[in-house]
>>> print(open('upload-v4.pdb').read())   # PDB, C-alpha atoms
ATOM      1  CA  MET A 170     -16.502   8.801  34.455  1.00  0.00           C
ATOM      2  CA  THR A 171     -18.487   7.173  31.628  1.00  0.00           C
ATOM      3  CA  VAL A 172     -17.820  10.151  29.346  1.00  0.00           C
ATOM      4  CA  LEU A 173     -14.110  10.053  30.180  1.00  0.00           C
ATOM      5  CA  ILE A 174     -13.893   6.347  29.339  1.00  0.00           C
ATOM      6  CA  ALA A 175     -15.690   6.923  26.040  1.00  0.00           C
ATOM      7  CA  LEU A 176     -13.341   9.746  25.091  1.00  0.00           C
ATOM      8  CA  THR A 177     -10.329   7.589  25.961  1.00  0.00           C
ATOM      9  CA  LEU A 178     -11.602   4.778  23.730  1.00  0.00           C
ATOM     10  CA  LEU A 179     -12.163   7.187  20.862  1.00  0.00           C
ATOM     11  CA  THR A 180      -8.620   8.505  21.057  1.00  0.00           C
ATOM     12  CA  THR A 181      -6.893   5.148  21.384  1.00  0.00           C
ATOM     13  CA  THR A 182      -8.867   2.952  18.984  1.00  0.00           C
ATOM     14  CA  HIS A 183      -8.366   2.974  15.209  1.00  0.00           C
ATOM     15  CA  TYR A 184     -11.582   3.182  13.233  1.00  0.00           C
ATOM     16  CA  HIS A 185     -12.123   2.790   9.506  1.00  0.00           C
ATOM     17  CA  ALA A 186     -15.271   3.937   7.767  1.00  0.00           C
ATOM     18  CA  ALA A 187     -17.203   1.184   6.018  1.00  0.00           C
ATOM     19  CA  PRO A 188     -15.511   0.635   2.653  1.00  0.00           C
ATOM     20  CA  ALA A 189     -17.254   1.710  -0.538  1.00  0.00           C
ATOM     21  CA  ARG A 190     -19.241  -1.009  -2.280  1.00  0.00           C
ATOM     22  CA  VAL A 191     -20.431  -1.854  -5.765  1.00  0.00           C
ATOM     23  CA  GLY A 192     -23.255   0.475  -6.756  1.00  0.00           C
ATOM     24  CA  GLU A 193     -21.989   3.275  -4.519  1.00  0.00           C
ATOM     25  CA  PRO A 194     -20.029   6.411  -5.469  1.00  0.00           C
ATOM     26  CA  ALA A 195     -16.275   5.831  -5.554  1.00  0.00           C
ATOM     27  CA  PRO A 196     -14.604   7.873  -2.795  1.00  0.00           C
ATOM     28  CA  ASN A 197     -12.291  10.532  -4.153  1.00  0.00           C
ATOM     29  CA  PHE A 198      -8.596  10.374  -3.268  1.00  0.00           C
ATOM     30  CA  THR A 199      -5.254  11.837  -4.244  1.00  0.00           C
ATOM     31  CA  LEU A 200      -2.081   9.742  -4.205  1.00  0.00           C
ATOM     32  CA  PRO A 201       1.480  10.300  -5.437  1.00  0.00           C
ATOM     33  CA  GLY A 202       2.403   8.237  -8.467  1.00  0.00           C
ATOM     34  CA  SER A 203       5.521   6.578  -9.788  1.00  0.00           C
ATOM     35  CA  ASP A 204       5.490   9.196 -12.547  1.00  0.00           C
ATOM     36  CA  GLY A 205       6.089  11.991 -10.040  1.00  0.00           C
ATOM     37  CA  LYS A 206       2.539  13.325 -10.354  1.00  0.00           C
ATOM     38  CA  ALA A 207      -0.264  13.551  -7.817  1.00  0.00           C
ATOM     39  CA  HIS A 208      -3.249  11.591  -9.140  1.00  0.00           C
ATOM     40  CA  GLU A 209      -6.742  12.574  -8.029  1.00  0.00           C
ATOM     41  CA  LEU A 210      -9.525  10.163  -8.903  1.00  0.00           C
ATOM     42  CA  LYS A 211     -12.072  12.813  -9.820  1.00  0.00           C
ATOM     43  CA  SER A 212      -9.766  14.165 -12.527  1.00  0.00           C
ATOM     44  CA  ASP A 213     -10.168  10.840 -14.377  1.00  0.00           C
ATOM     45  CA  LEU A 214     -13.950  10.684 -14.168  1.00  0.00           C
ATOM     46  CA  GLY A 215     -15.505  10.647 -17.604  1.00  0.00           C
ATOM     47  CA  HIS A 216     -13.439   7.503 -18.208  1.00  0.00           C
ATOM     48  CA  TYR A 217     -13.648   4.029 -16.767  1.00  0.00           C
ATOM     49  CA  VAL A 218     -11.017   3.725 -14.037  1.00  0.00           C
ATOM     50  CA  VAL A 219      -9.470   0.465 -12.859  1.00  0.00           C
ATOM     51  CA  LEU A 220      -7.708   0.243  -9.498  1.00  0.00           C
ATOM     52  CA  GLU A 221      -5.411  -2.751  -9.029  1.00  0.00           C
ATOM     53  CA  TRP A 222      -3.880  -3.456  -5.621  1.00  0.00           C
ATOM     54  CA  THR A 223      -0.499  -5.081  -6.030  1.00  0.00           C
ATOM     55  CA  ASN A 224       2.461  -6.509  -4.092  1.00  0.00           C
ATOM     56  CA  LYS A 225       5.465  -7.618  -6.146  1.00  0.00           C
ATOM     57  CA  ASP A 226       6.477 -10.254  -3.573  1.00  0.00           C
ATOM     58  CA  CYS A 227       3.092 -11.989  -3.513  1.00  0.00           C
ATOM     59  CA  PRO A 228       3.140 -15.275  -5.490  1.00  0.00           C
ATOM     60  CA  PHE A 229      -0.383 -14.620  -6.784  1.00  0.00           C
ATOM     61  CA  VAL A 230       0.748 -11.256  -8.172  1.00  0.00           C
ATOM     62  CA  ARG A 231       3.879 -12.869  -9.617  1.00  0.00           C
ATOM     63  CA  LYS A 232       1.634 -15.363 -11.436  1.00  0.00           C
ATOM     64  CA  HIS A 233      -0.010 -12.547 -13.341  1.00  0.00           C
ATOM     65  CA  TYR A 234       3.064 -10.393 -13.949  1.00  0.00           C
ATOM     66  CA  GLY A 235       5.540 -13.208 -14.567  1.00  0.00           C
ATOM     67  CA  SER A 236       3.252 -14.647 -17.235  1.00  0.00           C
ATOM     68  CA  GLY A 237       2.551 -11.233 -18.751  1.00  0.00           C
ATOM     69  CA  ASN A 238      -1.173 -11.642 -18.068  1.00  0.00           C
ATOM     70  CA  MET A 239      -1.542  -8.489 -15.980  1.00  0.00           C
ATOM     71  CA  GLN A 240       0.366  -6.373 -18.486  1.00  0.00           C
ATOM     72  CA  LYS A 241      -1.825  -7.698 -21.318  1.00  0.00           C
ATOM     73  CA  THR A 242      -4.939  -6.957 -19.278  1.00  0.00           C
ATOM     74  CA  GLN A 243      -3.736  -3.433 -18.522  1.00  0.00           C
ATOM     75  CA  ALA A 244      -2.932  -2.793 -22.185  1.00  0.00           C
ATOM     76  CA  ALA A 245      -6.306  -4.185 -23.298  1.00  0.00           C
ATOM     77  CA  ALA A 246      -8.137  -1.953 -20.818  1.00  0.00           C
ATOM     78  CA  GLU A 247      -6.160   1.072 -22.006  1.00  0.00           C
ATOM     79  CA  SER A 248      -6.984   0.264 -25.645  1.00  0.00           C
ATOM     80  CA  MET A 249     -10.652   0.326 -24.621  1.00  0.00           C
ATOM     81  CA  GLY A 250     -10.229   3.825 -23.198  1.00  0.00           C
ATOM     82  CA  ALA A 251      -9.962   2.909 -19.512  1.00  0.00           C
ATOM     83  CA  VAL A 252      -7.483   4.446 -17.083  1.00  0.00           C
ATOM     84  CA  TRP A 253      -5.642   1.790 -15.051  1.00  0.00           C
ATOM     85  CA  TYR A 254      -3.746   2.472 -11.829  1.00  0.00           C
ATOM     86  CA  SER A 255      -1.742  -0.010  -9.792  1.00  0.00           C
ATOM     87  CA  ILE A 256      -1.767   0.739  -6.047  1.00  0.00           C
ATOM     88  CA  ILE A 257       0.671  -0.334  -3.337  1.00  0.00           C
ATOM     89  CA  SER A 258      -0.865  -0.134   0.155  1.00  0.00           C
ATOM     90  CA  SER A 259       1.920  -2.100   1.864  1.00  0.00           C
ATOM     91  CA  ALA A 260       3.290  -0.208   4.863  1.00  0.00           C
ATOM     92  CA  PRO A 261       7.018   0.588   5.230  1.00  0.00           C
ATOM     93  CA  GLY A 262       8.837  -2.507   6.459  1.00  0.00           C
ATOM     94  CA  MET A 263       6.070  -4.822   5.247  1.00  0.00           C
ATOM     95  CA  GLN A 264       6.066  -7.229   2.295  1.00  0.00           C
ATOM     96  CA  GLY A 265       5.588  -5.431  -1.002  1.00  0.00           C
ATOM     97  CA  TYR A 266       6.471  -1.941   0.201  1.00  0.00           C
ATOM     98  CA  LEU A 267       8.493   0.010  -2.364  1.00  0.00           C
ATOM     99  CA  THR A 268       9.913   3.493  -2.521  1.00  0.00           C
ATOM    100  CA  ARG A 269       9.160   5.533  -5.619  1.00  0.00           C
ATOM    101  CA  ASP A 270      12.606   4.763  -7.079  1.00  0.00           C
ATOM    102  CA  GLU A 271      12.073   1.049  -6.451  1.00  0.00           C
ATOM    103  CA  VAL A 272       8.656   1.229  -8.095  1.00  0.00           C
ATOM    104  CA  ILE A 273      10.143   2.907 -11.172  1.00  0.00           C
ATOM    105  CA  ALA A 274      12.751   0.132 -11.468  1.00  0.00           C
ATOM    106  CA  TYR A 275      10.134  -2.589 -10.960  1.00  0.00           C
ATOM    107  CA  ARG A 276       7.780  -1.129 -13.565  1.00  0.00           C
ATOM    108  CA  LYS A 277      10.594  -1.030 -16.104  1.00  0.00           C
ATOM    109  CA  GLU A 278      11.724  -4.573 -15.293  1.00  0.00           C
ATOM    110  CA  GLU A 279       8.215  -6.045 -15.533  1.00  0.00           C
ATOM    111  CA  GLY A 280       6.914  -3.848 -18.347  1.00  0.00           C
ATOM    112  CA  VAL A 281       3.961  -2.654 -16.278  1.00  0.00           C
ATOM    113  CA  LYS A 282       1.344  -1.020 -18.536  1.00  0.00           C
ATOM    114  CA  SER A 283      -0.756   0.850 -15.974  1.00  0.00           C
ATOM    115  CA  VAL A 284      -0.749   4.657 -16.160  1.00  0.00           C
ATOM    116  CA  ALA A 285       1.183   4.794 -12.886  1.00  0.00           C
ATOM    117  CA  THR A 286       1.703   2.939  -9.638  1.00  0.00           C
ATOM    118  CA  LEU A 287       0.165   4.919  -6.798  1.00  0.00           C
ATOM    119  CA  LEU A 288       1.807   4.915  -3.373  1.00  0.00           C
ATOM    120  CA  ASP A 289      -0.511   4.420  -0.385  1.00  0.00           C
ATOM    121  CA  PRO A 290       1.899   3.522   2.460  1.00  0.00           C
ATOM    122  CA  ASP A 291      -0.499   4.504   5.241  1.00  0.00           C
ATOM    123  CA  GLY A 292      -3.190   2.314   3.689  1.00  0.00           C
ATOM    124  CA  ALA A 293      -5.820   5.056   3.747  1.00  0.00           C
ATOM    125  CA  VAL A 294      -7.039   4.464   0.197  1.00  0.00           C
ATOM    126  CA  GLY A 295      -6.820   0.702   0.548  1.00  0.00           C
ATOM    127  CA  HIS A 296      -9.111   0.856   3.585  1.00  0.00           C
ATOM    128  CA  LEU A 297     -11.390   3.332   1.802  1.00  0.00           C
ATOM    129  CA  TYR A 298     -12.041   0.718  -0.893  1.00  0.00           C
ATOM    130  CA  GLY A 299     -11.865  -2.340   1.333  1.00  0.00           C
ATOM    131  CA  ALA A 300      -8.888  -3.837  -0.505  1.00  0.00           C
ATOM    132  CA  ARG A 301      -8.083  -7.131   1.202  1.00  0.00           C
ATOM    133  CA  SER A 302      -5.903  -9.063  -1.213  1.00  0.00           C
ATOM    134  CA  THR A 303      -3.278  -8.673  -3.901  1.00  0.00           C
ATOM    135  CA  PRO A 304      -4.272  -8.646  -6.653  1.00  0.00           C
ATOM    136  CA  ASP A 305      -7.578  -6.896  -5.932  1.00  0.00           C
ATOM    137  CA  ILE A 306      -9.549  -5.058  -8.629  1.00  0.00           C
ATOM    138  CA  VAL A 307     -12.043  -2.194  -8.425  1.00  0.00           C
ATOM    139  CA  ILE A 308     -13.659  -0.692 -11.537  1.00  0.00           C
ATOM    140  CA  ILE A 309     -15.338   2.720 -11.544  1.00  0.00           C
ATOM    141  CA  ASP A 310     -17.595   3.921 -14.346  1.00  0.00           C
ATOM    142  CA  PRO A 311     -17.378   7.379 -15.974  1.00  0.00           C
ATOM    143  CA  LYS A 312     -20.040   8.738 -13.590  1.00  0.00           C
ATOM    144  CA  GLY A 313     -17.967   7.725 -10.567  1.00  0.00           C
ATOM    145  CA  THR A 314     -19.908   4.628  -9.511  1.00  0.00           C
ATOM    146  CA  ILE A 315     -18.183   1.390  -8.524  1.00  0.00           C
ATOM    147  CA  ILE A 316     -19.332  -1.311 -10.940  1.00  0.00           C
ATOM    148  CA  TYR A 317     -16.965  -4.167 -10.079  1.00  0.00           C
ATOM    149  CA  SER A 318     -14.990  -5.273  -7.041  1.00  0.00           C
ATOM    150  CA  GLY A 319     -13.054  -8.475  -6.494  1.00  0.00           C
ATOM    151  CA  ALA A 320     -10.646 -10.872  -8.150  1.00  0.00           C
ATOM    152  CA  ILE A 321      -8.857 -10.430 -11.464  1.00  0.00           C
ATOM    153  CA  ASP A 322     -10.104 -13.865 -12.582  1.00  0.00           C
ATOM    154  CA  ASN A 323     -11.741 -17.092 -11.473  1.00  0.00           C
ATOM    155  CA  ARG A 324      -8.587 -19.109 -10.826  1.00  0.00           C
ATOM    156  CA  PRO A 325      -7.512 -18.550  -7.173  1.00  0.00           C
ATOM    157  CA  THR A 326      -4.109 -20.196  -7.401  1.00  0.00           C
ATOM    158  CA  PRO A 327      -0.520 -18.972  -7.878  1.00  0.00           C
ATOM    159  CA  ASP A 328       0.010 -21.484 -10.692  1.00  0.00           C
ATOM    160  CA  PRO A 329       0.521 -19.662 -14.037  1.00  0.00           C
ATOM    161  CA  ASP A 330      -0.861 -22.674 -15.908  1.00  0.00           C
ATOM    162  CA  SER A 331      -4.258 -21.880 -14.384  1.00  0.00           C
ATOM    163  CA  LEU A 332      -4.526 -18.842 -16.658  1.00  0.00           C
ATOM    164  CA  ASN A 333      -5.394 -21.078 -19.599  1.00  0.00           C
ATOM    165  CA  GLY A 334      -9.160 -20.781 -20.024  1.00  0.00           C
ATOM    166  CA  ALA A 335      -9.587 -18.442 -17.055  1.00  0.00           C
ATOM    167  CA  THR A 336     -12.355 -15.830 -17.035  1.00  0.00           C
ATOM    168  CA  ASN A 337     -10.837 -12.365 -16.771  1.00  0.00           C
ATOM    169  CA  TYR A 338     -13.415 -10.587 -14.622  1.00  0.00           C
ATOM    170  CA  ALA A 339     -11.850  -7.145 -15.135  1.00  0.00           C
ATOM    171  CA  LEU A 340     -12.036  -7.224 -18.930  1.00  0.00           C
ATOM    172  CA  GLN A 341     -15.424  -8.911 -18.855  1.00  0.00           C
ATOM    173  CA  ALA A 342     -16.845  -6.130 -16.676  1.00  0.00           C
ATOM    174  CA  LEU A 343     -15.326  -3.400 -18.842  1.00  0.00           C
ATOM    175  CA  LYS A 344     -16.608  -4.914 -22.079  1.00  0.00           C
ATOM    176  CA  GLU A 345     -20.113  -5.367 -20.722  1.00  0.00           C
ATOM    177  CA  ALA A 346     -20.310  -1.886 -19.207  1.00  0.00           C
ATOM    178  CA  MET A 347     -18.916  -0.214 -22.324  1.00  0.00           C
ATOM    179  CA  ALA A 348     -21.537  -2.039 -24.404  1.00  0.00           C
ATOM    180  CA  GLY A 349     -24.258  -0.520 -22.255  1.00  0.00           C
ATOM    181  CA  LYS A 350     -24.981  -3.775 -20.441  1.00  0.00           C
ATOM    182  CA  SER A 351     -25.163  -4.480 -16.731  1.00  0.00           C
ATOM    183  CA  VAL A 352     -22.036  -6.147 -15.360  1.00  0.00           C
ATOM    184  CA  SER A 353     -22.998  -9.809 -15.107  1.00  0.00           C
ATOM    185  CA  VAL A 354     -20.561 -10.571 -12.285  1.00  0.00           C
ATOM    186  CA  PRO A 355     -20.140  -7.329 -10.305  1.00  0.00           C
ATOM    187  CA  ILE A 356     -18.742  -8.831  -7.103  1.00  0.00           C
ATOM    188  CA  THR A 357     -16.328 -11.718  -6.617  1.00  0.00           C
ATOM    189  CA  ARG A 358     -14.176 -12.895  -3.747  1.00  0.00           C
ATOM    190  CA  SER A 359     -10.667 -11.578  -4.283  1.00  0.00           C
ATOM    191  CA  TYR A 360      -7.806 -13.986  -3.747  1.00  0.00           C
ATOM    192  CA  GLY A 361      -4.085 -13.701  -3.095  1.00  0.00           C
ATOM    193  CA  CYS A 362      -1.909 -12.333  -0.312  1.00  0.00           C
ATOM    194  CA  SER A 363      -3.435 -10.086   2.331  1.00  0.00           C
ATOM    195  CA  VAL A 364      -2.738  -6.374   1.878  1.00  0.00           C
ATOM    196  CA  LYS A 365       0.090  -5.569   4.301  1.00  0.00           C
ATOM    197  CA  TYR A 366      -1.421  -2.658   6.188  1.00  0.00           C
ATOM    198  CA  ALA A 367       0.503  -1.018   9.008  1.00  0.00           C
ATOM    199  CA  ASP A 368      -2.335  -1.435  11.495  1.00  0.00           C
ATOM    200  CA  GLU A 369      -3.175  -5.085  10.894  1.00  0.00           C
TER     201      GLU A 369
END
>>> encode(input="upload-v4.pdb", output="structure tokens")
Amino acid sequence: MTVLIALTLLTTTHYHAAPARVGEPAPNFTLPGSDGKAHELKSDLGHYVVLEWTNKDCPFVRKHYGSGNMQKTQAAAESMGAVWYSIISSAPGMQGYLTRDEVIAYRKEEGVKSVATLLDPDGAVGHLYGARSTPDIVIIDPKGTIIYSGAIDNRPTPDPDSLNGATNYALQALKEAMAGKSVSVPITRSYGCSVKYADE
């Protein structure tokens, strides 16, 4: 009877492996992109890779895109040789979910500068990396190790005026790492809207 109960629990309960952390290898994944291509993380190793969880309807995300701050950050990272992906882990029917055609239109409207927006509607990759908020940033070094995880900056408010004088943690981490230095602030508390997973 005990074995039967245990088997029943295993088949009816959703489990997620502990998310990858700073200092650990970045889990590989493949996701479809807004550009019509399948993007596998390991194909970009050898470069710094930035993963940005996003939700166009989140006021914290709108702060960064409406002001042009996120686009400028993406472009700056690209100019440094990094590969930047936006990721949508919102489930169908939840806030922020977009079809590929809707993503294409949104990227054009907002002038998004990331390589592509990756579609993660079942939330598998979001859970793999422990993404909790939008925006949420993860940076992976060329060897495949996570070197930063957390907020885009140190101003946890949806007010665009807060961007004046803010510390951009993503660019700070990239600059330090590319200069051969240790990332001075490798972990921060991300802020924004919760990622709209199907199972939460």
>>> closest_atom_pairs(input="upload-v4.pdb", of="range 231-315 of chain A", to="range 213-219 of chain A", cutoff="6 Å", atoms="all atoms listed in the file", output="JSON lines")
{"residue": "A:Ala251", "atom": "CA", "partner": "A:Tyr217", "partner_atom": "CA", "distance": 4.7}
{"residue": "A:Val252", "atom": "CA", "partner": "A:Val218", "partner_atom": "CA", "distance": 4.7}
{"residue": "A:Trp253", "atom": "CA", "partner": "A:Val219", "partner_atom": "CA", "distance": 4.6}
{"residue": "A:Val307", "atom": "CA", "partner": "A:Val219", "partner_atom": "CA", "distance": 5.8}
{"residue": "A:Ile308", "atom": "CA", "partner": "A:Val219", "partner_atom": "CA", "distance": 4.5}
{"residue": "A:Ile309", "atom": "CA", "partner": "A:Val218", "partner_atom": "CA", "distance": 5.1}
{"residue": "A:Asp310", "atom": "CA", "partner": "A:Tyr217", "partner_atom": "CA", "distance": 4.6}
{"residue": "A:Pro311", "atom": "CA", "partner": "A:Gly215", "partner_atom": "CA", "distance": 4.1}
>>> atom_distance(input="upload-v4.pdb", atom1="CA of Leu343 in chain A", atom2="CA of Pro325 in chain A")
20.7 Å
>>> resolve_selection(input="upload-v4.pdb", expression="the PyMOL selection byres ((chain A and resi 361) around 10)", output="MDAnalysis selection string")
chainID A and resid 223:224 227:230 301:305 320 325:327 359:360 362:364
>>> atom_distance(input="upload-v4.pdb", atom1="CA of Gly295 in chain A", atom2="CA of Ser258 in chain A")
6.0 Å
>>> atom_distance(input="upload-v4.pdb", atom1="CA of Asp226 in chain A", atom2="CA of Glu271 in chain A")
12.9 Å
>>> closest_residue(input="upload-v4.pdb", among="A:Thr242, A:Thr286, A:Thr268, A:Ser203", to="Tyr338 in chain A", atoms="only C-alpha atoms")
A:Thr242
>>> axis_aligned_box(input="upload-v4.pdb", around="range 229-247 of chain A", padding_each_side="3 Å", output="JSON")
{"center_x": -1.3, "center_y": -7.1, "center_z": -15.0, "size_x": 19.7, "size_y": 22.4, "size_z": 22.5}
